[in-house]
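Below is the file input-v7.txt, which contains compact mmCIF, C-alpha atoms (C1' of nucleotides).
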# COMPACT_ATOMS: atom_id res chain seq x y z
CA MET A 1369 -4.90 27.15 18.09
CA THR A 1370 -3.22 23.80 18.12
CA ALA A 1371 -0.72 24.20 15.26
CA PHE A 1372 -0.85 20.49 14.63
CA LEU A 1373 -0.27 20.77 10.93
CA GLN A 1374 2.91 22.82 11.30
CA ASN A 1375 4.52 20.04 13.31
CA PHE A 1376 3.23 17.13 11.33
CA LEU A 1377 6.21 15.55 9.64
CA PRO A 1378 4.59 14.34 6.42
CA TYR A 1379 3.20 17.80 5.87
CA ARG A 1380 6.50 19.51 6.57
CA LEU A 1381 8.36 17.20 4.26
CA ASN A 1382 5.86 17.70 1.50
CA ARG A 1383 6.05 21.46 1.82
CA LEU A 1384 9.83 21.46 1.78
CA SER A 1385 9.90 19.06 -1.12
CA GLU A 1386 7.61 21.33 -3.11
CA ALA A 1387 9.65 24.40 -2.30
CA MET A 1388 12.96 22.79 -3.24
CA SER A 1389 11.50 21.32 -6.39
CA LEU A 1390 10.32 24.76 -7.39
CA GLN A 1391 13.87 26.04 -7.05
CA VAL A 1392 15.45 23.50 -9.35
CA ARG A 1393 12.71 22.75 -11.85
CA PRO A 1394 13.49 25.71 -14.13
CA ILE A 1395 16.93 24.23 -14.73
CA TYR A 1396 15.90 20.96 -16.33
CA LYS A 1397 12.73 22.43 -17.74
CA GLU A 1398 14.10 25.46 -19.51
CA LEU A 1399 17.48 23.98 -20.34
CA LEU A 1400 16.29 20.70 -21.84
CA GLY A 1401 12.51 20.76 -21.80
CA LEU A 1402 12.24 17.88 -19.36
CA THR A 1403 9.39 17.19 -16.99
CA ARG A 1404 10.17 16.19 -13.42
CA PRO A 1405 9.49 12.48 -13.90
CA GLU A 1406 11.60 12.52 -17.06
CA TRP A 1407 14.50 14.22 -15.32
CA ARG A 1408 14.25 11.74 -12.48
CA VAL A 1409 14.26 8.73 -14.74
CA LEU A 1410 17.22 10.10 -16.66
CA ALA A 1411 19.14 10.62 -13.44
CA ALA A 1412 18.12 7.24 -12.06
CA ILE A 1413 19.44 5.42 -15.11
CA ALA A 1414 22.61 7.48 -14.96
CA ASP A 1415 23.02 6.49 -11.33
CA LEU A 1416 22.15 2.85 -11.75
CA GLY A 1417 23.75 2.06 -15.07
CA PRO A 1418 21.94 -0.51 -17.23
CA CYS A 1419 18.77 -1.39 -15.36
CA SER A 1420 15.13 -2.33 -15.63
CA ALA A 1421 12.13 -0.04 -15.32
CA THR A 1422 11.28 -1.63 -11.99
CA GLU A 1423 14.69 -0.71 -10.63
CA VAL A 1424 14.10 2.84 -11.77
CA CYS A 1425 10.79 2.82 -9.90
CA ASP A 1426 12.39 1.68 -6.67
CA HIS A 1427 15.36 3.98 -6.96
CA SER A 1428 13.35 7.08 -7.73
CA ALA A 1429 10.22 6.25 -5.73
CA GLN A 1430 7.90 6.85 -8.66
CA HIS A 1431 4.83 4.98 -9.79
CA LYS A 1432 5.42 2.48 -12.55
CA THR A 1433 3.05 4.19 -14.96
CA LYS A 1434 4.92 7.43 -14.51
CA VAL A 1435 8.19 5.68 -15.21
CA SER A 1436 6.72 3.87 -18.17
CA ARG A 1437 5.67 7.13 -19.78
CA ALA A 1438 8.93 8.89 -18.98
CA VAL A 1439 10.94 6.03 -20.47
CA TYR A 1440 8.84 6.22 -23.60
CA ALA A 1441 9.41 9.97 -23.93
CA LEU A 1442 13.14 9.65 -23.30
CA SER A 1443 13.50 6.84 -25.80
CA GLU A 1444 11.69 8.92 -28.43
CA ARG A 1445 14.39 11.52 -27.89
CA ARG A 1446 17.06 8.88 -28.28
CA TRP A 1447 18.38 9.61 -24.81
CA VAL A 1448 17.46 6.21 -23.48
CA ALA A 1449 17.97 2.93 -25.34
CA ARG A 1450 15.76 -0.08 -24.66
CA ALA A 1451 17.22 -3.50 -25.26
CA PRO A 1452 15.56 -6.85 -24.61
CA ASP A 1453 16.63 -8.61 -21.44
CA THR A 1454 17.69 -12.08 -22.47
CA ARG A 1455 17.35 -13.43 -18.95
CA ASP A 1456 13.79 -12.20 -18.44
CA ARG A 1457 11.83 -11.45 -21.55
CA ARG A 1458 9.20 -9.50 -19.65
CA SER A 1459 11.65 -6.73 -18.92
CA GLU A 1460 13.95 -4.46 -20.85
CA VAL A 1461 17.46 -3.21 -20.20
CA LEU A 1462 17.55 0.56 -20.11
CA THR A 1463 20.73 2.49 -20.81
CA LEU A 1464 21.62 6.08 -21.58
CA THR A 1465 22.70 6.76 -25.12
CA GLU A 1466 25.67 9.06 -25.63
CA ALA A 1467 23.26 11.90 -26.26
CA GLY A 1468 21.51 10.98 -23.04
CA GLN A 1469 24.77 11.06 -21.12
CA ARG A 1470 25.57 14.46 -22.56
CA ALA A 1471 22.12 15.74 -21.62
CA TYR A 1472 22.56 14.45 -18.10
CA ALA A 1473 26.03 15.95 -17.84
CA THR A 1474 24.78 19.39 -18.81
CA LEU A 1475 22.27 19.30 -15.96
CA ILE A 1476 24.41 18.11 -13.08
CA GLY A 1477 26.48 21.29 -12.88
CA PRO A 1478 23.67 23.83 -12.69
CA LEU A 1479 21.60 21.60 -10.42
CA SER A 1480 24.43 21.10 -7.98
CA ALA A 1481 25.16 24.80 -8.02
CA ARG A 1482 21.58 25.68 -7.22
CA GLU A 1483 21.45 23.13 -4.45
CA ALA A 1484 24.66 24.43 -2.94
CA GLU A 1485 23.30 27.96 -3.09
CA LEU A 1486 20.31 26.89 -1.03
CA ILE A 1487 22.20 24.80 1.47
CA GLU A 1488 24.75 27.49 2.08
CA ARG A 1489 22.05 29.54 3.71
CA LEU A 1490 22.21 27.13 6.64
CA ALA A 1491 24.67 27.35 9.45
CA PRO A 1492 27.20 24.51 9.19
CA ALA A 1493 25.91 22.82 12.32
CA ASP A 1494 22.34 22.96 11.05
CA ARG A 1495 23.47 21.56 7.73
CA ASP A 1496 25.14 18.64 9.44
CA ALA A 1497 22.04 18.04 11.50
CA LEU A 1498 19.87 18.08 8.40
CA LEU A 1499 21.98 15.58 6.51
CA ARG A 1500 22.26 13.31 9.49
CA GLY A 1501 18.54 13.46 10.19
CA LEU A 1502 17.58 12.82 6.60
CA ALA A 1503 19.90 9.85 6.32
CA ALA A 1504 18.39 8.37 9.46
CA LEU A 1505 14.85 8.93 8.26
CA GLU A 1506 15.66 7.38 4.89
CA ALA A 1507 16.99 4.33 6.61
CA ALA A 1508 13.83 4.15 8.69
CA VAL A 1509 11.10 4.65 6.12
CA LEU A 1510 12.52 3.73 2.71
CA ARG A 1511 12.59 0.03 2.05
CA ARG A 1512 15.16 -0.89 -0.55
CA MET B 1208 27.86 4.89 -11.27
CA THR B 1209 27.86 8.46 -10.06
CA ALA B 1210 25.30 8.30 -7.24
CA PHE B 1211 24.53 11.96 -7.78
CA LEU B 1212 20.87 11.51 -7.08
CA GLN B 1213 21.42 9.88 -3.70
CA ASN B 1214 22.88 13.11 -2.43
CA PHE B 1215 20.68 15.55 -4.27
CA LEU B 1216 18.54 17.24 -1.66
CA PRO B 1217 15.40 18.02 -3.69
CA TYR B 1218 15.29 14.43 -4.83
CA ARG B 1219 15.79 13.04 -1.35
CA LEU B 1220 13.11 15.26 0.09
CA ASN B 1221 10.66 14.30 -2.59
CA ARG B 1222 11.31 10.63 -2.04
CA LEU B 1223 10.84 10.93 1.70
CA SER B 1224 7.76 13.05 1.26
CA GLU B 1225 6.21 10.44 -1.01
CA ALA B 1226 7.05 7.64 1.36
CA MET B 1227 5.66 9.43 4.41
CA SER B 1228 2.55 10.50 2.56
CA LEU B 1229 1.95 6.91 1.57
CA GLN B 1230 2.11 5.92 5.21
CA VAL B 1231 -0.51 8.34 6.47
CA ARG B 1232 -2.89 8.70 3.56
CA PRO B 1233 -4.83 5.52 4.30
CA ILE B 1234 -5.80 6.97 7.66
CA TYR B 1235 -7.76 9.99 6.48
CA LYS B 1236 -8.80 8.28 3.30
CA GLU B 1237 -10.21 5.05 4.65
CA LEU B 1238 -11.37 6.45 7.98
CA LEU B 1239 -13.30 9.45 6.69
CA GLY B 1240 -13.08 9.35 2.91
CA LEU B 1241 -11.07 12.55 2.69
CA THR B 1242 -8.67 13.55 -0.04
CA ARG B 1243 -5.35 15.09 0.92
CA PRO B 1244 -6.36 18.67 0.14
CA GLU B 1245 -9.54 18.18 2.13
CA TRP B 1246 -7.71 16.80 5.11
CA ARG B 1247 -5.27 19.67 4.95
CA VAL B 1248 -7.94 22.30 4.79
CA LEU B 1249 -9.71 20.71 7.71
CA ALA B 1250 -6.51 20.73 9.74
CA ALA B 1251 -5.66 24.26 8.67
CA ILE B 1252 -8.99 25.62 9.85
CA ALA B 1253 -8.64 23.68 13.08
CA ASP B 1254 -5.18 25.21 13.50
CA LEU B 1255 -6.15 28.75 12.60
CA GLY B 1256 -9.61 29.06 14.02
CA PRO B 1257 -12.03 31.27 12.05
CA CYS B 1258 -10.17 32.32 8.93
CA SER B 1259 -10.42 33.11 5.24
CA ALA B 1260 -9.68 30.81 2.34
CA THR B 1261 -6.57 32.82 1.58
CA GLU B 1262 -5.25 32.20 5.06
CA VAL B 1263 -5.89 28.51 4.55
CA CYS B 1264 -3.89 28.69 1.33
CA ASP B 1265 -0.91 30.25 3.08
CA HIS B 1266 -1.09 28.01 6.12
CA SER B 1267 -1.42 24.78 4.17
CA ALA B 1268 0.72 25.75 1.19
CA GLN B 1269 -1.92 24.84 -1.35
CA HIS B 1270 -3.15 26.49 -4.52
CA LYS B 1271 -6.29 28.54 -4.10
CA THR B 1272 -8.32 26.49 -6.55
CA LYS B 1273 -7.50 23.37 -4.58
CA VAL B 1274 -8.57 25.06 -1.37
CA SER B 1275 -11.72 26.35 -3.01
CA ARG B 1276 -12.80 22.87 -4.02
CA ALA B 1277 -11.88 21.36 -0.69
CA VAL B 1278 -13.83 24.02 1.19
CA TYR B 1279 -16.81 23.33 -1.02
CA ALA B 1280 -16.63 19.59 -0.34
CA LEU B 1281 -16.20 20.09 3.39
CA SER B 1282 -19.08 22.53 3.57
CA GLU B 1283 -21.31 20.05 1.73
CA ARG B 1284 -20.51 17.61 4.50
CA ARG B 1285 -21.37 20.24 7.08
CA TRP B 1286 -17.89 20.03 8.53
CA VAL B 1287 -17.04 23.58 7.59
CA ALA B 1288 -19.38 26.57 7.92
CA ARG B 1289 -19.06 29.57 5.63
CA ALA B 1290 -20.19 32.93 6.91
CA PRO B 1291 -19.98 36.25 5.09
CA ASP B 1292 -17.13 38.49 6.16
CA THR B 1293 -18.70 41.83 7.01
CA ARG B 1294 -15.40 43.66 6.72
CA ASP B 1295 -14.59 42.38 3.24
CA ARG B 1296 -17.46 41.09 1.21
CA ARG B 1297 -15.16 39.31 -1.21
CA SER B 1298 -14.14 36.83 1.41
CA GLU B 1299 -15.81 34.39 3.76
CA VAL B 1300 -15.16 33.38 7.34
CA LEU B 1301 -14.53 29.64 7.60
CA THR B 1302 -15.08 27.74 10.83
CA LEU B 1303 -15.34 24.10 11.79
CA THR B 1304 -18.78 22.92 12.78
CA GLU B 1305 -19.06 20.63 15.77
CA ALA B 1306 -19.20 17.68 13.41
CA GLY B 1307 -16.07 19.03 11.74
CA GLN B 1308 -14.30 19.27 15.06
CA ARG B 1309 -15.27 15.71 15.87
CA ALA B 1310 -14.02 14.53 12.47
CA TYR B 1311 -10.75 16.35 13.02
CA ALA B 1312 -10.42 14.88 16.50
CA THR B 1313 -10.85 11.35 15.24
CA LEU B 1314 -8.00 11.85 12.79
CA ILE B 1315 -5.40 13.50 14.97
CA GLY B 1316 -4.97 10.46 17.19
CA PRO B 1317 -4.26 7.87 14.50
CA LEU B 1318 -2.17 10.30 12.46
CA SER B 1319 0.00 11.26 15.40
CA ALA B 1320 0.34 7.63 16.34
CA ARG B 1321 1.47 6.67 12.86
CA GLU B 1322 3.93 9.53 12.77
CA ALA B 1323 5.30 8.59 16.17
CA GLU B 1324 5.62 4.99 15.07
CA LEU B 1325 7.82 6.07 12.18
CA ILE B 1326 9.88 8.55 14.13
CA GLU B 1327 10.50 6.13 16.95
CA ARG B 1328 12.53 4.03 14.60
CA LEU B 1329 15.19 6.73 14.81
CA ALA B 1330 17.77 6.98 17.53
CA PRO B 1331 16.99 9.96 19.80
CA ALA B 1332 20.04 11.87 18.63
CA ASP B 1333 19.10 11.31 14.98
CA ARG B 1334 15.58 12.46 15.72
CA ASP B 1335 16.87 15.66 17.28
CA ALA B 1336 19.12 16.22 14.31
CA LEU B 1337 16.24 15.70 11.92
CA LEU B 1338 13.98 18.20 13.63
CA ARG B 1339 16.73 20.74 13.95
CA GLY B 1340 17.77 20.34 10.33
CA LEU B 1341 14.23 20.59 9.03
CA ALA B 1342 13.52 23.71 11.03
CA ALA B 1343 16.65 25.33 9.67
CA LEU B 1344 15.83 24.37 6.12
CA GLU B 1345 12.31 25.68 6.49
CA ALA B 1346 13.65 28.99 7.68
CA ALA B 1347 16.00 29.07 4.72
CA VAL B 1348 13.76 28.13 1.83
CA LEU B 1349 10.20 28.93 2.86
CA ARG B 1350 9.47 32.61 2.53
CA ARG B 1351 6.59 33.72 4.65
C1' DT C 145 -17.32 60.40 -8.14
C1' DT C 146 -14.73 57.50 -11.41
C1' DG C 147 -10.79 54.96 -13.12
C1' DT C 148 -7.13 51.63 -12.29
C1' DG C 149 -4.95 47.90 -10.57
C1' DA C 150 -4.97 44.39 -7.12
C1' DC C 151 -7.26 40.79 -4.44
C1' DG C 152 -10.73 36.88 -2.85
C1' DG C 153 -12.82 33.34 -4.76
C1' DT C 154 -14.99 30.42 -8.49
C1' DA C 155 -15.64 28.16 -13.05
C1' DT C 156 -13.65 26.20 -17.06
C1' DA C 157 -10.34 23.78 -19.80
C1' DT C 158 -6.04 21.42 -20.28
C1' DT C 159 -2.60 18.36 -18.52
C1' DT C 160 -0.94 15.05 -15.35
C1' DT C 161 -1.43 11.19 -12.52
C1' DG C 162 -3.16 6.98 -10.28
C1' DT C 163 -6.27 2.79 -10.46
C1' DA C 164 -7.35 -1.07 -12.44
C1' DA C 165 -7.35 -4.18 -16.04
C1' DC C 166 -4.68 -6.58 -19.42
C1' DT C 167 -0.72 -9.12 -22.01
C1' DA C 168 3.17 -11.64 -21.75
C1' DT C 169 6.38 -14.02 -19.11
C1' DC C 170 8.33 -16.40 -15.18
C1' DA C 171 8.74 -19.80 -11.27
C1' DA C 172 7.31 -23.63 -8.55
C1' DG C 173 4.67 -27.85 -7.99
C1' DG C 174 1.90 -31.51 -9.23
C1' DC D 611 3.92 -30.85 -19.60
C1' DC D 612 0.19 -28.22 -17.28
C1' DT D 613 -1.56 -25.81 -13.57
C1' DT D 614 -1.45 -21.71 -10.27
C1' DG D 615 0.07 -17.54 -8.72
C1' DA D 616 3.30 -13.86 -9.09
C1' DT D 617 5.87 -10.20 -11.74
C1' DA D 618 7.33 -6.59 -15.73
C1' DG D 619 5.41 -3.43 -18.23
C1' DT D 620 1.65 -1.06 -21.04
C1' DT D 621 -2.74 0.94 -21.69
C1' DA D 622 -7.70 2.70 -20.91
C1' DC D 623 -10.15 5.31 -18.19
C1' DA D 624 -11.23 7.95 -14.11
C1' DA D 625 -9.51 11.12 -10.70
C1' DA D 626 -6.67 14.87 -9.61
C1' DA D 627 -3.57 18.77 -10.32
C1' DT D 628 -2.63 23.06 -12.83
C1' DA D 629 -3.27 27.09 -15.52
C1' DT D 630 -6.34 30.43 -17.28
C1' DA D 631 -10.01 33.37 -17.48
C1' DC D 632 -13.44 35.45 -15.08
C1' DC D 633 -16.73 38.05 -11.58
C1' DG D 634 -17.35 40.90 -7.89
C1' DT D 635 -15.15 43.73 -4.42
C1' DC D 636 -11.64 46.62 -2.46
C1' DA D 637 -8.02 50.45 -2.00
C1' DC D 638 -6.56 54.52 -3.62
C1' DA D 639 -5.78 58.28 -6.31
C1' DA D 640 -6.94 61.66 -10.08
Please, can you express the file's structure as structure tokens?
Amino acid sequence: MTAFLQNFLPYRLNRLSEAMSLQVRPIYKELLGLTRPEWRVLAAIADLGPCSATEVCDHSAQHKTKVSRAVYALSERRWVARAPDTRDRRSEVLTLTEAGQRAYATLIGPLSAREAELIERLAPADRDALLRGLAALEAAVLRR
Amino acid sequence: MTAFLQNFLPYRLNRLSEAMSLQVRPIYKELLGLTRPEWRVLAAIADLGPCSATEVCDHSAQHKTKVSRAVYALSERRWVARAPDTRDRRSEVLTLTEAGQRAYATLIGPLSAREAELIERLAPADRDALLRGLAALEAAVLRR
DNA sequence: TTGTGACGGTATATTTTGTAACTATCAAGG
DNA sequence: CCTTGATAGTTACAAAATATACCGTCACAA
């Protein structure tokens, strides 16, 4: 009939997101026993350097309760250290411990490899289009 | 630091998917009190015409238990009719009732409008690139 | 026929997630 | 100081997602 759903952008993005996630999840799950929110928080802190939980929320687009729980789990593992923020006592400064950095480092390689494997299925021109389009959409819909 | 995440495709897609979903969810939620799986099943049946639950699963990329519950909820509302399939008595033929079609019709407008509103923030060339890139990625990672 | 494995769909149980409420802190004004 | 309202983060509880087991039916072959 109308095929509305197939052309509806939020639906298409969700479907692609799920499919891609499925491709990479085994890596952080089987290699280090991480859940997706945990992996994301780990990577966000690695990207940001010392930061607050709120910054992790914004950077990774995850709900604060999800981040709160992931930070707890990661700190139990001694992969994330929580220090008081002297400038704002409501918040904490999150950093990766050395073990956390090592854990993160072991993931980047396999994850990048898997991503490359998937992207290489695209023709170069399509790949360029994808990256350009995504960057534009990010600029349009993600407030920072 | 490394900014690995910013360029990691699964992460970027998930972030965009979340953001877009957040933009459109209020429409079907506040307008008709639908959950996301329910809205998707409604749209899938509208797209497909008379179909089975399995076809809805494939078309909408949702787990069969999710579809089962959504179909139940929609049939309670008399938006979806369930008829026995004479050719395979395990399955049922799902169709939209007139009320279901009206409900669907009231959603398409606002949803399309919201989508257009977001997409129109992009330059035409970026928009073309996005659609081209997404189509290519879909072909590459979604097995049908 | 009857046995076997697969499939459509549902029910149940476990896990995950979001909503809302709460504590503690901050910032700005009176 | 002492309001008032906002923010950082946690937690309790309700809602949702997911996996698992299950029932009835089908396809097909011994």
message = As an exercise, work out the distance from CA of Thr1463 (chain A) to CA of Ser1436 (chain A) in Å and give it to one decimal place.
response = 14.3 Å
key: Proximal residues of chain D relative to chain B (all atoms listed in the file; 8 Å) as a PyMOL selection string   = chain D and resi 634-636
task = For chain C, report every residue with an atom at most 12 Å from chain B (counting all atoms listed in the file), formatted as a ChimeraX atom specification.
result = /C:151-156
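You will find CA of Leu1410 (chain A) at 24.0 Å from CA of Met1227 (chain B).
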inquiry  = Distance limit 6 Å, atoms considered: only C-alpha atoms. Which chain B residues sit that close to chain A? Return them as a list in words.
reply    = Met1208, Thr1209, Ala1210, Pro1217, Leu1220, Asn1221, Arg1222, Ser1224, Met1227, Ser1228, Asp1254, Leu1255, Asp1333, Ala1336, Leu1337 and Gly1340 of chain B
When you get a chance, write out N, CA and C atoms for region 1247-1262 of chain B, as a compact mmCIF listing (two decimals), keeping the file's coordinate frame.
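Full text of out24.txt as output:
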# COMPACT_ATOMS: atom_id res chain seq x y z
N ARG B 1247 -6.12 18.54 4.61
CA ARG B 1247 -5.27 19.67 4.95
C ARG B 1247 -6.06 20.92 5.26
N VAL B 1248 -7.11 21.14 4.53
CA VAL B 1248 -7.94 22.30 4.79
C VAL B 1248 -8.61 22.17 6.14
N LEU B 1249 -9.10 20.98 6.41
CA LEU B 1249 -9.71 20.71 7.71
C LEU B 1249 -8.73 21.03 8.84
N ALA B 1250 -7.53 20.51 8.71
CA ALA B 1250 -6.51 20.73 9.74
C ALA B 1250 -6.12 22.20 9.82
N ALA B 1251 -6.05 22.85 8.68
CA ALA B 1251 -5.66 24.26 8.67
C ALA B 1251 -6.69 25.11 9.42
N ILE B 1252 -7.96 24.85 9.16
CA ILE B 1252 -8.99 25.62 9.85
C ILE B 1252 -8.97 25.31 11.35
N ALA B 1253 -8.74 24.05 11.67
CA ALA B 1253 -8.64 23.68 13.08
C ALA B 1253 -7.47 24.42 13.72
N ASP B 1254 -6.37 24.52 13.00
CA ASP B 1254 -5.18 25.21 13.50
C ASP B 1254 -5.44 26.70 13.67
N LEU B 1255 -6.05 27.28 12.66
CA LEU B 1255 -6.15 28.75 12.60
C LEU B 1255 -7.34 29.30 13.37
N GLY B 1256 -8.36 28.50 13.53
CA GLY B 1256 -9.61 29.06 14.02
C GLY B 1256 -10.30 29.76 12.86
N PRO B 1257 -11.31 30.58 13.13
CA PRO B 1257 -12.03 31.27 12.05
C PRO B 1257 -11.04 32.00 11.15
N CYS B 1258 -11.16 31.78 9.86
CA CYS B 1258 -10.17 32.32 8.93
C CYS B 1258 -10.74 32.39 7.53
N SER B 1259 -10.01 33.02 6.63
CA SER B 1259 -10.42 33.11 5.24
C SER B 1259 -9.77 32.00 4.43
N ALA B 1260 -10.26 31.81 3.22
CA ALA B 1260 -9.68 30.81 2.34
C ALA B 1260 -8.22 31.14 2.02
N THR B 1261 -7.94 32.41 1.87
CA THR B 1261 -6.57 32.82 1.58
C THR B 1261 -5.62 32.42 2.71
N GLU B 1262 -6.09 32.61 3.94
CA GLU B 1262 -5.25 32.20 5.06
C GLU B 1262 -5.02 30.69 5.06
